[in-house]
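Below is one structure, written out as structure tokens, with a few remarks after it.
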Amino acid sequence: MKTLRRIALALIIIGAINWGLVGLFRYDLVGSIFGGTDSGFARFIFTLVGISGIICLGLLFNPETADVPERKKSRGVANTSYATEFAEEPDLDRLYNPSREAFEEQDEEDPNSSK
């Protein structure tokens with residue numbers, strides 16, 4: 001199947017180049033090589049290019065061939081990180097009220113002193 005897709009892709013590239021030449025210069029390369037667009041062999045090539053387009057249409061929707069980053073394969077062990085899920089929550093009061101920290105340090109130094 002991989003060989004069939006490569007052949008189909010090569011025919012699509014040939015067809016794309018031919019359509020580019022037709023669009024830019026009104027020159028049909030496939031038709032001129034195989035005896036004009038009305039010849040049977042040129043029509044056969046055009047038919048093969050069309051079938052190749054249908055074959056390669058599946059490549060567009062296949063996640064293995066789509067343009068996505070490849071995932072690393074693991075050996076049955078999930079490589080999951082729970083570092084942020086079980087992390088200790090920050091004390092936001094200390095972050096926004098730095099003077100509180102000074103009072104707590106005073107309390108730690110003098111546990112027997114009364115206020």
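Note on naming: chains are A, B, ... as they come in the structure tokens, residues start from 1 per chain, ligands start from 1 in the order shown.
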
Legend entry - Distance query region 38-49 of chain A at most 8 Å, only C-alpha atoms, self and fewer than 3 positions along chain excluded, as a list in words: Ala8, Leu11, Ile12, Ile14, Gly15, Val30, Gly31, Phe34, Gly35, Ser52 and Gly53 of chain A

Legend entry - Atomic separation - CA of Arg5 (chain A) relative to CA of Leu24 (chain A), Å: 28.1 Å

Legend entry - Pairwise distance for CA of Arg26 (chain A) and CA of Leu9 (chain A), rounded to one decimal in Å: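 Between these atoms lies a distance of 23.7 Å.
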
Legend entry - Pairwise distance for CA of Ile17 (chain A) and CA of Cys56 (chain A), rounded to one decimal in Å: 16.6 Å
